[in-house]
file input_35.cif (mmCIF, N, CA and C atoms)
data_work
loop_
_atom_site.label_atom_id
_atom_site.label_comp_id
_atom_site.auth_asym_id
_atom_site.auth_seq_id
_atom_site.Cartn_x
_atom_site.Cartn_y
_atom_site.Cartn_z
N MET M 287 35.00 89.30 44.79
CA MET M 287 35.77 88.12 44.45
C MET M 287 37.24 88.39 44.73
N LEU M 288 37.96 87.34 45.03
CA LEU M 288 39.38 87.47 45.27
C LEU M 288 40.13 87.08 43.99
N VAL M 289 41.03 87.95 43.57
CA VAL M 289 41.83 87.72 42.37
C VAL M 289 43.30 87.73 42.77
N LEU M 290 44.02 86.74 42.32
CA LEU M 290 45.46 86.68 42.52
C LEU M 290 46.11 87.19 41.24
N ILE M 291 46.95 88.20 41.35
CA ILE M 291 47.62 88.78 40.19
C ILE M 291 49.12 88.56 40.35
N THR M 292 49.72 87.98 39.33
CA THR M 292 51.17 87.81 39.31
C THR M 292 51.70 88.48 38.06
N TYR M 293 52.94 88.96 38.13
CA TYR M 293 53.50 89.62 36.96
C TYR M 293 55.00 89.41 36.91
N ASP M 294 55.51 89.51 35.71
CA ASP M 294 56.95 89.45 35.46
C ASP M 294 57.25 90.54 34.46
N VAL M 295 57.98 91.55 34.89
CA VAL M 295 58.30 92.69 34.04
C VAL M 295 59.80 92.70 33.78
N ASN M 296 60.16 92.80 32.52
CA ASN M 296 61.57 92.85 32.12
C ASN M 296 62.15 94.18 32.56
N THR M 297 63.16 94.13 33.42
CA THR M 297 63.73 95.36 33.99
C THR M 297 65.16 95.61 33.53
N THR M 298 65.48 95.17 32.33
CA THR M 298 66.84 95.37 31.83
C THR M 298 67.10 96.80 31.38
N ASP M 299 66.05 97.61 31.28
CA ASP M 299 66.25 99.01 30.92
C ASP M 299 65.39 99.90 31.83
N ALA M 300 65.58 101.19 31.74
CA ALA M 300 64.87 102.15 32.59
C ALA M 300 63.36 102.09 32.35
N ASP M 301 62.95 101.87 31.11
CA ASP M 301 61.53 101.78 30.79
C ASP M 301 60.89 100.59 31.52
N GLY M 302 61.60 99.48 31.55
CA GLY M 302 61.09 98.30 32.24
C GLY M 302 60.97 98.53 33.74
N ARG M 303 61.93 99.20 34.33
CA ARG M 303 61.87 99.52 35.76
C ARG M 303 60.70 100.45 36.05
N ARG M 304 60.43 101.37 35.13
CA ARG M 304 59.26 102.26 35.28
C ARG M 304 57.96 101.45 35.22
N ARG M 305 57.88 100.52 34.26
CA ARG M 305 56.68 99.67 34.14
C ARG M 305 56.49 98.83 35.41
N LEU M 306 57.58 98.29 35.92
CA LEU M 306 57.49 97.47 37.14
C LEU M 306 56.91 98.27 38.30
N ARG M 307 57.40 99.48 38.50
CA ARG M 307 56.88 100.33 39.58
C ARG M 307 55.41 100.67 39.34
N ALA M 308 55.05 100.93 38.09
CA ALA M 308 53.67 101.29 37.77
C ALA M 308 52.72 100.11 38.02
N VAL M 309 53.13 98.91 37.65
CA VAL M 309 52.30 97.72 37.88
C VAL M 309 52.14 97.51 39.38
N ALA M 310 53.23 97.57 40.13
CA ALA M 310 53.16 97.37 41.58
C ALA M 310 52.27 98.42 42.24
N LYS M 311 52.40 99.67 41.82
CA LYS M 311 51.59 100.75 42.39
C LYS M 311 50.11 100.52 42.12
N LYS M 312 49.78 100.11 40.90
CA LYS M 312 48.38 99.86 40.54
C LYS M 312 47.83 98.70 41.35
N CYS M 313 48.60 97.64 41.50
CA CYS M 313 48.15 96.48 42.29
C CYS M 313 48.00 96.84 43.76
N THR M 314 48.91 97.64 44.29
CA THR M 314 48.85 98.07 45.69
C THR M 314 47.58 98.87 45.95
N ALA M 315 47.13 99.63 44.96
CA ALA M 315 45.92 100.43 45.11
C ALA M 315 44.67 99.56 45.23
N HIS M 316 44.76 98.31 44.76
CA HIS M 316 43.59 97.44 44.74
C HIS M 316 43.70 96.23 45.65
N GLY M 317 44.87 96.00 46.24
CA GLY M 317 45.00 94.79 47.04
C GLY M 317 46.23 94.78 47.91
N GLN M 318 46.62 93.61 48.31
CA GLN M 318 47.71 93.39 49.25
C GLN M 318 48.81 92.57 48.59
N ARG M 319 50.06 93.05 48.69
CA ARG M 319 51.19 92.26 48.20
C ARG M 319 51.38 91.09 49.16
N VAL M 320 51.43 89.87 48.62
CA VAL M 320 51.63 88.69 49.46
C VAL M 320 52.99 88.05 49.21
N GLN M 321 53.60 88.34 48.09
CA GLN M 321 54.97 87.94 47.76
C GLN M 321 55.46 88.91 46.70
N ASN M 322 56.76 88.86 46.41
CA ASN M 322 57.26 89.73 45.35
C ASN M 322 56.49 89.42 44.07
N SER M 323 55.96 90.43 43.44
CA SER M 323 55.23 90.32 42.18
C SER M 323 53.97 89.47 42.28
N VAL M 324 53.39 89.35 43.48
CA VAL M 324 52.14 88.60 43.67
C VAL M 324 51.23 89.42 44.59
N PHE M 325 50.02 89.68 44.12
CA PHE M 325 49.04 90.45 44.89
C PHE M 325 47.73 89.71 44.98
N GLU M 326 47.07 89.85 46.14
CA GLU M 326 45.70 89.40 46.31
C GLU M 326 44.82 90.64 46.31
N CYS M 327 43.84 90.66 45.41
CA CYS M 327 42.97 91.83 45.28
C CYS M 327 41.52 91.42 45.46
N LEU M 328 40.83 92.05 46.37
CA LEU M 328 39.41 91.82 46.59
C LEU M 328 38.64 92.88 45.81
N VAL M 329 38.02 92.46 44.72
CA VAL M 329 37.36 93.40 43.80
C VAL M 329 36.02 92.83 43.34
N ASP M 330 35.16 93.70 42.86
CA ASP M 330 33.94 93.21 42.22
C ASP M 330 34.22 93.05 40.72
N ALA M 331 33.26 92.56 39.97
CA ALA M 331 33.47 92.24 38.56
C ALA M 331 33.89 93.46 37.74
N ALA M 332 33.27 94.60 37.99
CA ALA M 332 33.60 95.82 37.24
C ALA M 332 35.01 96.30 37.58
N GLN M 333 35.36 96.28 38.86
CA GLN M 333 36.70 96.69 39.28
C GLN M 333 37.76 95.74 38.68
N TYR M 334 37.43 94.46 38.61
CA TYR M 334 38.35 93.47 38.05
C TYR M 334 38.64 93.76 36.58
N ARG M 335 37.59 94.01 35.81
CA ARG M 335 37.77 94.32 34.39
C ARG M 335 38.58 95.61 34.21
N LEU M 336 38.31 96.61 35.02
CA LEU M 336 39.04 97.88 34.94
C LEU M 336 40.50 97.68 35.31
N LEU M 337 40.77 96.94 36.38
CA LEU M 337 42.14 96.67 36.81
C LEU M 337 42.91 95.91 35.73
N GLN M 338 42.28 94.91 35.14
CA GLN M 338 42.92 94.18 34.04
C GLN M 338 43.30 95.12 32.90
N ALA M 339 42.37 95.97 32.51
CA ALA M 339 42.61 96.89 31.40
C ALA M 339 43.75 97.86 31.74
N GLU M 340 43.76 98.37 32.96
CA GLU M 340 44.81 99.31 33.37
C GLU M 340 46.18 98.64 33.38
N LEU M 341 46.25 97.42 33.88
CA LEU M 341 47.54 96.71 33.92
C LEU M 341 48.01 96.34 32.51
N LYS M 342 47.10 95.93 31.66
CA LYS M 342 47.46 95.60 30.27
C LYS M 342 48.00 96.83 29.54
N ALA M 343 47.48 98.00 29.90
CA ALA M 343 47.94 99.24 29.27
C ALA M 343 49.35 99.63 29.74
N ILE M 344 49.76 99.15 30.91
CA ILE M 344 51.07 99.50 31.46
C ILE M 344 52.18 98.63 30.87
N ILE M 345 51.93 97.34 30.77
CA ILE M 345 53.01 96.42 30.40
C ILE M 345 53.33 96.46 28.91
N ASP M 346 54.49 95.93 28.56
CA ASP M 346 54.88 95.70 27.17
C ASP M 346 54.68 94.21 26.93
N PRO M 347 53.65 93.82 26.19
CA PRO M 347 53.35 92.39 26.03
C PRO M 347 54.44 91.60 25.31
N ASP M 348 55.36 92.27 24.66
CA ASP M 348 56.48 91.58 24.02
C ASP M 348 57.58 91.24 25.01
N LYS M 349 57.59 91.92 26.17
CA LYS M 349 58.66 91.72 27.15
C LYS M 349 58.16 91.28 28.53
N ASP M 350 56.92 91.59 28.86
CA ASP M 350 56.38 91.38 30.20
C ASP M 350 55.21 90.39 30.16
N SER M 351 54.81 89.93 31.34
CA SER M 351 53.64 89.07 31.40
C SER M 351 52.84 89.34 32.67
N LEU M 352 51.54 89.12 32.55
CA LEU M 352 50.59 89.21 33.66
C LEU M 352 49.82 87.90 33.72
N ARG M 353 49.48 87.47 34.93
CA ARG M 353 48.61 86.31 35.11
C ARG M 353 47.55 86.69 36.14
N PHE M 354 46.30 86.36 35.84
CA PHE M 354 45.17 86.64 36.72
C PHE M 354 44.52 85.31 37.10
N TYR M 355 44.38 85.07 38.40
CA TYR M 355 43.72 83.87 38.90
C TYR M 355 42.50 84.32 39.69
N SER M 356 41.33 84.02 39.18
CA SER M 356 40.10 84.40 39.85
C SER M 356 39.73 83.29 40.84
N LEU M 357 39.76 83.62 42.13
CA LEU M 357 39.45 82.64 43.16
C LEU M 357 37.99 82.73 43.60
N GLY M 358 37.26 83.69 43.06
CA GLY M 358 35.83 83.80 43.33
C GLY M 358 35.50 84.37 44.69
N ASN M 359 34.22 84.21 45.06
CA ASN M 359 33.74 84.75 46.33
C ASN M 359 33.93 83.80 47.49
N LYS M 360 34.16 82.53 47.21
CA LYS M 360 34.36 81.54 48.28
C LYS M 360 35.84 81.19 48.37
N TYR M 361 36.66 82.21 48.33
CA TYR M 361 38.11 82.03 48.29
C TYR M 361 38.70 81.52 49.60
N GLN M 362 37.98 81.70 50.73
CA GLN M 362 38.54 81.32 52.03
C GLN M 362 38.97 79.85 52.03
N SER M 363 38.23 78.98 51.38
CA SER M 363 38.56 77.56 51.37
C SER M 363 39.60 77.22 50.29
N ARG M 364 39.99 78.20 49.48
CA ARG M 364 40.93 77.96 48.39
C ARG M 364 42.33 78.50 48.66
N VAL M 365 42.48 79.24 49.74
CA VAL M 365 43.78 79.83 50.07
C VAL M 365 44.28 79.21 51.36
N GLU M 366 45.46 78.65 51.30
CA GLU M 366 46.09 78.07 52.49
C GLU M 366 47.46 78.72 52.64
N HIS M 367 47.74 79.23 53.82
CA HIS M 367 49.01 79.92 54.06
C HIS M 367 49.87 79.11 55.01
N VAL M 368 51.13 78.95 54.64
CA VAL M 368 52.11 78.28 55.49
C VAL M 368 53.38 79.11 55.44
N GLY M 369 53.99 79.38 56.57
CA GLY M 369 55.27 80.07 56.53
C GLY M 369 55.32 81.34 57.34
N ALA M 370 56.41 82.06 57.13
CA ALA M 370 56.80 83.18 57.97
C ALA M 370 55.88 84.38 57.89
N LYS M 371 55.50 84.77 56.70
CA LYS M 371 54.68 85.98 56.59
C LYS M 371 53.28 85.69 57.09
N GLN M 372 52.76 86.61 57.89
CA GLN M 372 51.41 86.44 58.39
C GLN M 372 50.39 86.57 57.28
N ALA M 373 49.37 85.72 57.35
CA ALA M 373 48.25 85.86 56.43
C ALA M 373 47.44 87.08 56.86
N TYR M 374 46.62 87.58 55.99
CA TYR M 374 45.78 88.73 56.34
C TYR M 374 44.36 88.43 55.89
N ALA M 375 43.41 89.12 56.44
CA ALA M 375 42.00 88.96 56.07
C ALA M 375 41.66 90.02 55.03
N PRO M 376 41.45 89.62 53.76
CA PRO M 376 41.18 90.61 52.71
C PRO M 376 39.97 91.48 52.99
N GLU M 377 38.99 90.95 53.71
CA GLU M 377 37.80 91.73 54.00
C GLU M 377 37.91 92.52 55.29
N GLY M 378 39.02 92.35 56.00
CA GLY M 378 39.23 93.06 57.26
C GLY M 378 39.70 94.48 57.01
N THR M 379 39.98 95.18 58.08
CA THR M 379 40.47 96.55 58.00
C THR M 379 41.92 96.57 57.54
N LEU M 380 42.21 97.38 56.56
CA LEU M 380 43.55 97.53 56.05
C LEU M 380 44.07 98.90 56.47
N ILE M 381 45.12 98.92 57.27
CA ILE M 381 45.69 100.17 57.75
C ILE M 381 46.94 100.47 56.94
N LEU M 382 46.98 101.63 56.31
CA LEU M 382 48.11 102.02 55.48
C LEU M 382 48.96 103.03 56.19
#
call {"tool": "encode", "arguments": {"input": "input_35.cif", "output": "structure tokens"}}
result
Amino acid sequence: MLVLITYDVNTTDADGRRRLRAVAKKCTAHGQRVQNSVFECLVDAAQYRLLQAELKAIIDPDKDSLRFYSLGNKYQSRVEHVGAKQAYAPEGTLIL
């Protein structure tokens, strides 16, 4: 399934900047950054639950926020891209 993850981390202190880097690193390990603080992650149900738990453990819920949008397995018809950045195929080869 394709999951869209967005986050907003308060970076007014060093701890917040550390959390921001940790959230981005965790999301990068599971998906593709499509905009600042927005990732598309192709995961199965178990990976999704694990990723949610890992991200919740990183953030400070009093200062930060996470949003998860589950687009399901038929996401191709639910995602439309317009603009400068090239779209990518989540199921295609990802070269790092």
call {"tool": "residues_around", "arguments": {"input": "input_35.cif", "residues": "Leu328 (chain M)", "least_positions_apart": "3", "cutoff": "6 Å", "atoms": "all atoms listed in the file", "output": "VMD selection string"}}
result
chain M and resid 287 to 289 316 to 317
call {"tool": "resolve_selection", "arguments": {"input": "input_35.cif", "expression": "the PyMOL selection byres ((chain M and resi 353) around 6)", "output": "PyMOL selection string"}}
result
chain M and resi 290-293+351-352+354-355
call {"tool": "atom_distance", "arguments": {"input": "input_35.cif", "atom1": "CA of Leu341 (chain M)", "atom2": "atom N of Val309 (chain M)"}}
result
7.1 Å
call {"tool": "atom_distance", "arguments": {"input": "input_35.cif", "atom1": "CA of Gln318 (chain M)", "atom2": "atom C of Ala370 (chain M)"}}
result
14.9 Å
call {"tool": "residues_around", "arguments": {"input": "input_35.cif", "residues": "Lys311 (chain M)", "least_positions_apart": "3", "cutoff": "12 Å", "atoms": "only C-alpha atoms", "output": "PyMOL selection string"}}
result
chain M and resi 304-308+314-319+323+325+337+340-341+344
call {"tool": "atom_distance", "arguments": {"input": "input_35.cif", "atom1": "atom N of Ala332 (chain M)", "atom2": "atom N of Asp348 (chain M)"}}
result
25.9 Å
call {"tool": "closest_residue", "arguments": {"input": "input_35.cif", "among": "M:Ile345, M:Gln338, M:Asp330, M:Val320", "to": "Val295 (chain M)", "atoms": "all atoms listed in the file"}}
result
M:Ile345
call {"tool": "decode", "arguments": {"input": "input_35.cif", "residues": "region 298-326 of chain M", "atoms": "C-alpha atoms", "output": "PDB file, in the first residue's frame"}}
result
ATOM      1  CA  THR M 298      13.293  26.143  17.815  1.00  0.00           C
ATOM      2  CA  ASP M 299      15.862  24.196  19.839  1.00  0.00           C
ATOM      3  CA  ALA M 300      18.623  21.655  19.194  1.00  0.00           C
ATOM      4  CA  ASP M 301      16.408  18.776  20.363  1.00  0.00           C
ATOM      5  CA  GLY M 302      13.791  19.693  17.769  1.00  0.00           C
ATOM      6  CA  ARG M 303      16.387  19.822  14.997  1.00  0.00           C
ATOM      7  CA  ARG M 304      17.589  16.369  16.080  1.00  0.00           C
ATOM      8  CA  ARG M 305      13.998  15.040  15.962  1.00  0.00           C
ATOM      9  CA  LEU M 306      13.494  16.559  12.510  1.00  0.00           C
ATOM     10  CA  ARG M 307      16.594  14.803  11.142  1.00  0.00           C
ATOM     11  CA  ALA M 308      15.558  11.525  12.783  1.00  0.00           C
ATOM     12  CA  VAL M 309      12.034  11.655  11.309  1.00  0.00           C
ATOM     13  CA  ALA M 310      13.384  12.478   7.837  1.00  0.00           C
ATOM     14  CA  LYS M 311      15.976   9.683   8.052  1.00  0.00           C
ATOM     15  CA  LYS M 312      13.346   7.142   9.111  1.00  0.00           C
ATOM     16  CA  CYS M 313      11.003   8.192   6.294  1.00  0.00           C
ATOM     17  CA  THR M 314      13.842   8.110   3.750  1.00  0.00           C
ATOM     18  CA  ALA M 315      14.558   4.510   4.755  1.00  0.00           C
ATOM     19  CA  HIS M 316      10.990   3.544   3.810  1.00  0.00           C
ATOM     20  CA  GLY M 317      10.088   5.814   0.927  1.00  0.00           C
ATOM     21  CA  GLN M 318      10.703   8.780  -1.308  1.00  0.00           C
ATOM     22  CA  ARG M 319      10.663  12.461  -0.315  1.00  0.00           C
ATOM     23  CA  VAL M 320       8.224  14.215  -2.656  1.00  0.00           C
ATOM     24  CA  GLN M 321       8.222  17.636  -0.951  1.00  0.00           C
ATOM     25  CA  ASN M 322       9.744  19.124   2.178  1.00  0.00           C
ATOM     26  CA  SER M 323       8.348  17.114   5.102  1.00  0.00           C
ATOM     27  CA  VAL M 324       6.264  14.901   2.769  1.00  0.00           C
ATOM     28  CA  PHE M 325       7.117  11.287   1.913  1.00  0.00           C
ATOM     29  CA  GLU M 326       5.475   8.579  -0.159  1.00  0.00           C
TER      30      GLU M 326
END
